[in-house]
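Have a look at the structure below, then the notes.
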Number of protein chains: 4
Amino acid sequence: MDTGGLPTLTQDDLVVRTLGERSFPSPLDGGLLERGESLHYVTEDDRVLVDSSLSRAVRRGVPVEQLPSFEPGGPRRTLFFDPARTRVGIVTCGGLCPGLNNVIRGLVVELYEHYGVRYVLGFRNGYHGLTADGEEPEVLTPTSVQWINSQGGTVLGTSRGSQDPAVMVETLRLRRIDVLFVIGGDGSLRGAQAIADEAEARGLPLAVVGVPKTIDNDIPWIDRSFGFQTAFGRAAESIRSAHTEARSTRNGVGLIKLMGRHSGFIACYATLASDDADLVLIPEVAMPLEGERGVLAHIERVLDTQGHAVVVVAEGAGQDLFAASTAADASGNAKLHDIGALLRDRVTAHLAASGREFSLRYVDPGYAIRSVPANAHDSVYCTRLAQAAVHAAMAGRTSIVAGRWHGRFVHLPIPLVTASRNQVDSKGDLWLSVLEATGQPVFV
Amino acid sequence: MDTGGLPTLTQDDLVVRTLGERSFPSPLDGGLLERGESLHYVTEDDRVLVDSSLSRAVRRGVPVEQLPSFEPGGPRRTLFFDPARTRVGIVTCGGLCPGLNNVIRGLVVELYEHYGVRYVLGFRNGYHGLTADGEEPEVLTPTSVQWINSQGGTVLGTSRGSQDPAVMVETLRLRRIDVLFVIGGDGSLRGAQAIADEAEARGLPLAVVGVPKTIDNDIPWIDRSFGFQTAFGRAAESIRSAHTEARSTRNGVGLIKLMGRHSGFIACYATLASDDADLVLIPEVAMPLEGERGVLAHIERVLDTQGHAVVVVAEGAGQDLFAASTAADASGNAKLHDIGALLRDRVTAHLAASGREFSLRYVDPGYAIRSVPANAHDSVYCTRLAQAAVHAAMAGRTSIVAGRWHGRFVHLPIPLVTASRNQVDSKGDLWLSVLEATGQPVFV
Amino acid sequence: MDTGGLPTLTQDDLVVRTLGERSFPSPLDGGLLERGESLHYVTEDDRVLVDSSLSRAVRRGVPVEQLPSFEPGGPRRTLFFDPARTRVGIVTCGGLCPGLNNVIRGLVVELYEHYGVRYVLGFRNGYHGLTADGEEPEVLTPTSVQWINSQGGTVLGTSRGSQDPAVMVETLRLRRIDVLFVIGGDGSLRGAQAIADEAEARGLPLAVVGVPKTIDNDIPWIDRSFGFQTAFGRAAESIRSAHTEARSTRNGVGLIKLMGRHSGFIACYATLASDDADLVLIPEVAMPLEGERGVLAHIERVLDTQGHAVVVVAEGAGQDLFAASTAADASGNAKLHDIGALLRDRVTAHLAASGREFSLRYVDPGYAIRSVPANAHDSVYCTRLAQAAVHAAMAGRTSIVAGRWHGRFVHLPIPLVTASRNQVDSKGDLWLSVLEATGQPVFV
Amino acid sequence: MDTGGLPTLTQDDLVVRTLGERSFPSPLDGGLLERGESLHYVTEDDRVLVDSSLSRAVRRGVPVEQLPSFEPGGPRRTLFFDPARTRVGIVTCGGLCPGLNNVIRGLVVELYEHYGVRYVLGFRNGYHGLTADGEEPEVLTPTSVQWINSQGGTVLGTSRGSQDPAVMVETLRLRRIDVLFVIGGDGSLRGAQAIADEAEARGLPLAVVGVPKTIDNDIPWIDRSFGFQTAFGRAAESIRSAHTEARSTRNGVGLIKLMGRHSGFIACYATLASDDADLVLIPEVAMPLEGERGVLAHIERVLDTQGHAVVVVAEGAGQDLFAASTAADASGNAKLHDIGALLRDRVTAHLAASGREFSLRYVDPGYAIRSVPANAHDSVYCTRLAQAAVHAAMAGRTSIVAGRWHGRFVHLPIPLVTASRNQVDSKGDLWLSVLEATGQPVFV
């Protein structure tokens with residue numbers, strides 16, 4: 001939804017890789033859908049415009065038919081794979097996110113009930129499960145996944161970090177897997193791309209289809225990542241809790257650190273949802289601490305006028321306030337400095353220096369936000385994403401993710417979604433809404 | 001999001017009415033936004049494309065710049081009204097919907113805190129509050145609305161039915177109201193249009209700006225109506241409850257009636273969210289009861305294979321199963337026949353005739369779905385809709401509603417949103433997802 | 001807790017039936033508990049006083065040691081059954097109640113993990129599962145019950161109505177069941193007693209131990225029935241919902257029918273929890289409708305002073321307002337007249353006659369209250385009740401239920417808990433609290 | 001409920017202090033209660049037995065009438081204060097606890113609506129509001145407190161630490177306060193006692209009545225402290241969240257620190273409610289880390305058999321593992337060493353030394369547990385406690401708290417409830433239930 005700052009695309013960026021000619025009739029034809037009609041099938045000329053801005057379209061100066069567009073998701077009349085003989089693998093990678101189990105369940109149910117696939121294997125603990133050391137994978141059936149969506153986390157387990165594509169493709173070959181679904185973030189999707197490339201190099205007709213996962217909502221070209229609504233709803237409860245504490249003491253300060261390595265979406269939406277915060281700090285916007293127009297002086301002013309203050313900070317904010325470092329975690333992500341602790345210490349020192357009696361409470365809901373089951377919206381979204389991913393894979397699409405763009409399901413080439421990052425546009429209307437809701441100034 | 005069946009628009013349908021020249025500088029300029037920059041202001045050439053389908057755009061056969069487009073929402077650099085002297089009224093009409101209080105609060109806070117408006121009046125009990133008999137309106141301030149979003153319903157009260165536009169405009173004139181915000185459904189928006197027309201006829205510079213309210217999500221040209229997510233989340237709980245009952249007895253049948261006079265969105269989304277239903281019946285799709293390929297035989301088959309069955313029916317479904325009638329309610333809406341009771345009786349008779357022991361439980365969550373507070377997503381959405389409505393009104397827009405289309409806030413002429421209805425496209429991907437999730441056949 | 005109106009007991013009422021000499025050492029001794037100490041074991045002289053009122057104790061005029069007392073629950077040092085060879089059955093009967101799955105899980109885990117029992121059979125669909133026609137029972141293990149407590153209802157299914165004790169005992173004999181746990185209400189507990197009697201008559205050493213289930217909290221001599229807190233918490237939401245509707249219209253009347261055939265506990269507690277009701281009507285207190293000091297006139301007065309009114313009625317209230325009837329349901333319970341519908345019609349007629357414009361909304365949450373998963377408190381309580389039931393059965397107790405009295409777990413003979421009924425004492429402090437909270441008068 | 005380890009009382013400990021002769025008829029007589037009857041009034045000979053154990057009663061060797069007993073709570077026929085002229089103050093002290101606003105609301109409503117008191121003052125920010133520096137108190141009315149129970153925290157604010165009784169009594173005298181309600185923990189109740197003593201020394205007829213507040217449930221002689229159920233329900237969610245994380249990775253360890261300075265009730269109940277923990281560590285039970293039968297070896301064994309482990313630790317557990325210190329907080333409570341951090345570091349070091357790959361996640365829900373609104377049960381309990389406190393004060397009781405014992409409301413002298421502490425009895429049935437639920441051994 002809030003995608004104003006994304007780069008300009010050309011149609012070349014949007015070409016979808018396919019495994020080859022499709023020759024198997026879709027079993028949906030004789031079952032779910034009415035025989036003789038093709039009502040729900042996606043046709044080849046159907047495309048989804050990338051850009052909804054008329055002025056940007058005009059500025060391109062090309063005919064309508066050359067405007068960049070995505071391939072839509074949905075069922076195709078003919079398939080690349082013969083469902084009765086297709087063997088499918090599923091793997092979940094990286095950090096937890098609400099909805100993982102819903103996606104797994106959606107994939108399994110769609111494959112079994114509607115395509116008649118009879119063999120679905122769940123690999124354990126992320127890409128580690130695709131190595132020689134991996135735990136034995138689990139056979140998944142509609143019965144075995146029936147209740148998993150009432151639980152948070154992933155029943156398949158997960159892990160961070162990459163593995164050798166050659167090893168992983170060998171595992172898939174030995175287990176005769178035709179389709180691999182990867183539910184993961186940008187690093188894991190790069191891994192999926194490597195698997196697809198390796199398979200192609202070997203001449204293996206393997207479909208690799210991703211379902212993009214990012215609790216931070218920072219994957220580009222999708223309206224909203226699954227689990228994001230659940231996550232910011234839970235984060236809003238933490239803000240409310242800190243607000244309650246802050247209001248209950250004289251000069252109470254509530255400081256909440258929320259997820260958001262590069263993108264402040266959770267911080268922004270949780271703030272708008274709770275309407276309790278006086279100040280939101282995100283990676284996309286500078287947050288000078290000192291000076292008349294700095295963060296610390298503003299907190300002091302809020303205390304003066306209101307008697308308490310609530311400050312929300314995304315974990316990736318204010319990294320320039322630290323000396324540079326080069327540490328990284330298992331997934332190769334740069335290790336973030338702890339802006340929450342720094343802010344806690346600096347606010348404490350500043351208010352203490354002002355001679356004021358005050359009480360600062362620091363809240364870091366952390367895992368509580370990402371381990372809950374998906375809410376109603378995300379449950380629907382995960383089921384539909386999974387359905388779209390199955391349709392794509394059975395039609396022989398590979399190296400893509402299933403996403404939603406302007407309300408329609410689309411196929412996005414993996415390189416497209418890993419090449420840039422969705423961020424809060426500091427000149428866009430989401431950030432304006434935050435400024436309006438908090439009343440915070442532009443810090444200088 | 002699910003708007004496949006909407007009519008084709010021309011640019012003439014999208015022209016926004018304005019009260020006149022704008023001459024007051026926006027106070028946001030000196031306050032919230034950085035002086036000297038116009039980062040967040042909406043410019044005149046910015047437009048939002050109506051259609052995201054490339055093939056439909058191509059079929060139009062017009063140059064890019066003539067593709068139909070909406071006026072975007074957001075703050076303008078100059079205003080029609082002088083905020084310091086602007087007097088504002090708010091009225092909520094029709095049935096309850098989660099988020100009404102959030103919209104009220106959002107309007108009041110935006111008007112006071114960011115535009116510096118100092119007089120906001122809440123009219124009581126819908127349009128009745130704009131008549132001579134109306135209760136005394138209430139002065140609304142940021143303090144008085146601070147906590148209202150934790151409550152469902154509307155603090156202003158509401159009523160059904162229309163009132164004489166001349167009387168209402170006279171009330172507004174006497175109270176020197178410059179801007180009227182109407183939060184209401186299609187009937188109420190027609191009333192808003194009548195007020196705007198009456199004011200124009202009298203030469204009164206009254207801005208009438210709506211925030212479209214429909215728990216059924218049936219207002220066209222908006223991605224999703226506010227409160228809808230909260231409502232279907234709550235409805236999903238009712239399905240889950242009926243499912244629990246059905247599973248706990250031999251041949252248990254759970255029958256749930258949900259809201260949805262003309263559109264089955266709540267039934268569809270609640271079903272996808274709970275993943276517990278075996279059958280969904282909506283107004284948009286025929287539901288023959290008898291025969292081998294009818295609803296009753298299908299329920300019997302589900303009982304045979306699964307031991308229990310869960311049936312969801314939207315209140316407007318199957319109206320053709322009744323003799324025609326012409327009754328109407330206070331708002332002039334045709335009175336619906338009670339499809340829930342009919343289905344309960346017919347299923348009971350059918351199963352009894354089959355000699356089977358069974359137990360049918362009928363659930364009608366009714367008001368429970370619409371009287372709850374907004375969830376996190378709807379809270380954010382309501383706040384932002386309210387902000388967009390305020391920006392529009394202060395810039396002198398009238399006879400419009402604030403909506404969101406493809407993720408962007410837009411201005412929609414009231415006649416556009418009351419001329420047609422958003423419905424579930426029985427050939428679109430939402431309904432396909434439902435068919436996939438329930439496994440129900442096409443009834444003949 | 002609210003048990004003021006219960007009959008006076010003698011010690012003879014409290015004698016617990018046992019199967020015979022205990023000779024097997026408890027396996028808890030070598031495992032869970034410290035060898036050589038008997039810290040947690042219940043000793044024979046430990047007894048729990050029935051009455052906490054000193055004045056009533058004094059009025060008995062007997063020495064302290066003759067005051068009536070219950071046998072406490074808890075583990076015994078020696079057992080009647082040899083755990084390694086004990087075969088256990090579980091059955092759930094009657095209407096749903098939050099916590100049924102928690103009790104099942106608690107029984108299975110305690111039996112397996114702590115006593116080392118290796119054979120637990122779940123009979124299907126209540127007592128019907130103990131007949132020749134019953135579905136095949138299910139083998140229960142800690143793994144199979146691991147997640148069931150996140151679901152409402154009962155995984156074993158349930159049914160109403162009694163079955164022939166001779167048939168049921170024969171089923172148990174054929175399956176060589178030593179211990180039967182019955183989770184059910186007063187009718188089902190009478191059935192359990194009949195099973196125990198039949199087994200005794202046949203010389204079968206069968207332990208029949210109940211866990212009393214009543215969502216209405218109407219089983220006597222227990223502090224609170226399991227699931228009751230969850231149920232009234234959910235009921236309070238329905239009151240809140242009706243309150244929201246009532247407040248949002250002029251002269252809005254919300255009428256909520258809640259469970260409570262003979263006892264108004266849910267109505268009373270839900271009212272106190274929501275603090276939204278103006279009037280509560282329960283079976284224990286007369287509710288004359290007409291006259292100056294009747295219910296209808298009071299509702300009118302509330303509307304006059306407050307503009308809206310919220311009325312809560314328990315399903316068993318006001319039965320004297322109907323002509324007598326003798327209909328009964330499958331469990332033999334007298335069929336109740338529909339007081340909710342009567343009240344809806346009478347209030348509507350009365351207010352219409354007064355010439356007042358008004359809007360009445362009738363809410364019957366019904367199954368929604370009883371099909372939800374147990375809340376945190378009830379989860380704990382169910383687990384502990386199950387543990388107490390297992391300790392009792394392994395020690396050879398039979399014809400008893402496990403209950404909690406004044407905070408301690410106790411063994412209650414089944415005839416004791418089926419002989420009378422726990423009701424709201426119209427002269428006690430719970431009802432006084434309700435009167436204080438609603439401000440309603442005593443109707444005459 | 002779980003009060004096995006409390007000291008033995010004599011009747012002298014239970015004598016309630018009163019201000020003097022009662023001479024004003026209760027206004028409840030003519031209003032709420034039926035004239036001419038005294039149904040709900042508490043009579044002088046009504047007493048509540050302290051001990052429910054028959055064997056302990058017998059061991060006392062005294063006649064029945066000399067068994068220790070509490071004075072019951074409830075309305076009296078005659079009052080000490082003339083309600084129409086009574087001026088009341090309310091103060092909330094110490095840490096937040098769910099239900100504070102419910103108690104405030106309950107006091108105000110009972111005083112106004114039922115006794116006709118017309119002047120209730122809310123002192124701000126705990127005892128600080130009773131000093132010369134205190135903020136101006138707030139006049140409380142039924143209207144001003146109408147919605148506060150939907151919010152967590154306390155609308156009056158709170159503070160830690162004691163103030164000079166002479167100063168506080170002087171403030172009360174100047175404001176002509178007759179009754180002071182103190183909602184606070186043991187330190188604050190000692191302050192209340194000091195105020196009552198100072199008033200008595202000055203000959204001021206001031207009633208000081210407490211409502212005991214402890215989120216840890218560690219105040220003795222009450223069945224359960226208000227807010228406790230809400231708190232452990234919220235804590236159970238944190239355990240569930242940590243469990244989800246632990247299960248989703250290989251050798252995942254979830255470590256949750258919960259409140260509980262001296263008493264492990266929250267840890268025990270949250271564990272029983274979630275049924276997810278493998279190990280619970282509380283202040284009442286030693287937790288040696290090293291050795292074959294120590295905590296670290298047990299965690300390793302759980303990982304070996306189960307693949308993940310969840311450890312719950314109460315903040316006051318394992319204090320003997322640290323060097324002694326004498327630091328104290330503003331309320332004079334000894335500052336606790338951070339057992340959570342120590343355990344995190346020691347488990348990490350131990351597992352790393354074992355060469356095992358693992359992933360430990362540390363969760364400290366902290367304020368999230370205590371700042372939420374009260375659940376349904378606690379809402380009822382708070383309202384009824386407040387009603388009992390008002391009845392006591394109007395009858396001239398002072399230096400007492402209102403509590404509930406064995407299901408009945410009672411008056412407890414303040415010195416009684418501050419003299420000892422309610423703790424988990426390591427030989428009682430609650431701890432046994434925990435051992436049964438977790439399967440943890442006794443550590444040596």
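Going through the structure tokens in order, the chains are called A, B, and so on, while each chain numbers its residues from 1 and the ligands are numbered from 1 in the order shown.
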
Dump as a tab-separated table the rows for residues of chain C within 6 Å of chain D: closest atom pair and distance in Å with one decimal, only C-alpha atoms counted, ordered by chain and rising residue number.
residue	atom	partner	partner_atom	distance
C:Met1	CA	D:Gly407	CA	4.4
C:Leu39	CA	D:Lys427	CA	5.5
C:His40	CA	D:Lys427	CA	5.6
C:Asp46	CA	D:Ser55	CA	5.7
C:Arg47	CA	D:Leu54	CA	5.3
C:Val48	CA	D:Ser53	CA	4.8
C:Leu49	CA	D:Ser52	CA	5.0
C:Ser52	CA	D:Leu49	CA	5.0
C:Ser53	CA	D:Val48	CA	4.8
C:Leu54	CA	D:Arg47	CA	5.3
C:Ser55	CA	D:Asp46	CA	5.8
C:Val58	CA	D:Glu65	CA	5.8
C:Val64	CA	D:Val64	CA	5.5
C:Glu65	CA	D:Val58	CA	5.8
C:Gly233	CA	D:Ala376	CA	5.0
C:Leu272	CA	D:Val380	CA	5.2
C:Ala273	CA	D:Val380	CA	4.8
C:Ala376	CA	D:Gly233	CA	4.9
C:Ser379	CA	D:Ala273	CA	5.2
C:Val380	CA	D:Ala273	CA	4.8
C:His406	CA	D:His406	CA	4.5
C:Gly407	CA	D:Met1	CA	4.4
C:Lys427	CA	D:Leu39	CA	5.5

Problem - Residue neighbourhood Asn251 in chain B, 12 Å, only C-alpha atoms, exclusion window fewer than 4 positions, as a count of residues only - result: 30

Practice task
Return as a PyMOL selection string the full set of residues in range 198-331 of chain A whose backbone-based DSSP assignment is alpha helix (DSSP H).
Solution key: chain A and resi 198-202+228-247+265-274+295-306

Next, the residues of the selection above should be written as a CSV table (one decimal), in the first residue's frame with C-alpha atoms.
chain,number,residue,atom,x,y,z
A,198,GLU,CA,21.4,-24.7,-10.1
A,199,ALA,CA,18.4,-26.9,-11.1
A,200,GLU,CA,18.3,-25.2,-14.5
A,201,ALA,CA,22.0,-25.6,-14.9
A,202,ARG,CA,21.5,-29.3,-14.3
A,228,PHE,CA,2.2,-7.8,9.1
A,229,GLN,CA,-1.3,-6.8,10.3
A,230,THR,CA,-1.2,-9.3,13.1
A,231,ALA,CA,2.3,-8.1,14.1
A,232,PHE,CA,1.5,-4.4,14.3
A,233,GLY,CA,-1.8,-5.2,16.1
A,234,ARG,CA,0.2,-7.0,18.7
A,235,ALA,CA,2.8,-4.2,18.8
A,236,ALA,CA,0.0,-1.7,19.4
A,237,GLU,CA,-0.9,-3.5,22.6
A,238,SER,CA,2.7,-3.0,23.8
A,239,ILE,CA,2.4,0.7,23.1
A,240,ARG,CA,-0.9,0.8,25.0
A,241,SER,CA,0.7,-1.0,27.9
A,242,ALA,CA,3.6,1.4,28.0
A,243,HIS,CA,1.2,4.3,27.7
A,244,THR,CA,-0.8,3.0,30.7
A,245,GLU,CA,2.4,2.8,32.8
A,246,ALA,CA,3.5,6.3,31.7
A,247,ARG,CA,0.2,7.9,32.5
A,265,PHE,CA,6.3,0.2,9.0
A,266,ILE,CA,5.5,-1.7,12.2
A,267,ALA,CA,6.4,1.3,14.3
A,268,CYS,CA,4.2,3.6,12.1
A,269,TYR,CA,1.2,1.3,11.9
A,270,ALA,CA,1.3,0.3,15.6
A,271,THR,CA,1.5,4.0,16.5
A,272,LEU,CA,-1.5,4.8,14.3
A,273,ALA,CA,-3.4,1.9,15.7
A,274,SER,CA,-2.9,2.7,19.3
A,295,VAL,CA,14.6,14.4,20.1
A,296,LEU,CA,15.6,14.9,23.8
A,297,ALA,CA,14.3,18.4,24.0
A,298,HIS,CA,11.1,17.4,22.4
A,299,ILE,CA,10.5,14.7,25.0
A,300,GLU,CA,11.1,17.2,27.7
A,301,ARG,CA,8.5,19.6,26.1
A,302,VAL,CA,6.0,16.8,25.9
A,303,LEU,CA,6.5,16.0,29.6
A,304,ASP,CA,6.0,19.7,30.4
A,305,THR,CA,2.7,20.0,28.6
A,306,GLN,CA,1.3,16.6,29.1

Exercise for the section: Apply DSSP to the structure's backbone, then extract all residues of range 123-251 of chain A labelled strand (DSSP E) and return them as number ranges by chain. Expected result: A: 138-139, 179-184, 207-212

Next, dump the selected residues to file, keeping only C-alpha atoms, as a PDB file, in the first residue's frame.
ATOM      1  CA  GLU A 138       7.760 -34.940   7.446  1.00  0.00           C
ATOM      2  CA  VAL A 139       5.005 -36.136   5.114  1.00  0.00           C
ATOM      3  CA  VAL A 179       8.113 -28.378  -6.907  1.00  0.00           C
ATOM      4  CA  LEU A 180       9.719 -26.578  -3.984  1.00  0.00           C
ATOM      5  CA  PHE A 181       7.845 -23.912  -2.061  1.00  0.00           C
ATOM      6  CA  VAL A 182      10.080 -21.595  -0.076  1.00  0.00           C
ATOM      7  CA  ILE A 183       8.485 -19.397   2.558  1.00  0.00           C
ATOM      8  CA  GLY A 184      11.145 -16.903   3.512  1.00  0.00           C
ATOM      9  CA  ALA A 207       9.708 -25.302 -10.038  1.00  0.00           C
ATOM     10  CA  VAL A 208      10.843 -23.047  -7.211  1.00  0.00           C
ATOM     11  CA  VAL A 209       8.074 -20.764  -6.020  1.00  0.00           C
ATOM     12  CA  GLY A 210       8.381 -18.467  -3.052  1.00  0.00           C
ATOM     13  CA  VAL A 211       5.921 -16.950  -0.639  1.00  0.00           C
ATOM     14  CA  PRO A 212       7.599 -13.758   0.531  1.00  0.00           C
TER      15      PRO A 212
END

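Considering the residues C:Gly396, C:Gly340, C:Gly316, C:Pro413 and counting only C-alpha atoms, Lys257 in chain C has its shortest atom-to-atom contact with C:Gly340.
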
Problem - Selection near Gly366 in chain D, 9 Å with only C-alpha atoms, sequence-local residues under 5 positions removed, as a PyMOL selection string - result: (chain A and resi 363) or (chain D and resi 257-259)

Could you dump the residues just selected with N, CA and C atoms as a PDB file, in the first residue's frame?
ATOM      1  N   VAL A 363      10.198  -0.936  27.224  1.00  0.00           N
ATOM      2  CA  VAL A 363       9.462  -2.132  26.837  1.00  0.00           C
ATOM      3  C   VAL A 363       9.997  -2.660  25.515  1.00  0.00           C
TER       4      VAL A 363
ATOM      5  N   LYS D 257      11.075 -14.733  32.278  1.00  0.00           N
ATOM      6  CA  LYS D 257      11.103 -14.207  33.651  1.00  0.00           C
ATOM      7  C   LYS D 257       9.755 -13.583  33.959  1.00  0.00           C
ATOM      8  N   LEU D 258       9.146 -14.009  35.047  1.00  0.00           N
ATOM      9  CA  LEU D 258       7.840 -13.474  35.440  1.00  0.00           C
ATOM     10  C   LEU D 258       7.939 -12.771  36.782  1.00  0.00           C
ATOM     11  N   MET D 259       6.930 -11.964  37.086  1.00  0.00           N
ATOM     12  CA  MET D 259       6.882 -11.298  38.380  1.00  0.00           C
ATOM     13  C   MET D 259       6.780 -12.330  39.505  1.00  0.00           C
TER      14      MET D 259
END

Handout entry: CA of Ser420 in chain A to CA of Ala194 in chain A, distance in Å rounded to a single decimal
Key = 17.8 Å

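Straight-line separation from CA of Ile148 in chain C to CA of Ala277 in chain D: 16.6 Å.
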
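CA of Leu121 in chain B is found 26.3 Å from CA of Thr418 in chain B.
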
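If you measure from each of B:Pro365, B:Gly89, B:Gly318, B:Gly134 to Ile104 in chain B using only C-alpha atoms, the closest one turns out to be B:Gly89.
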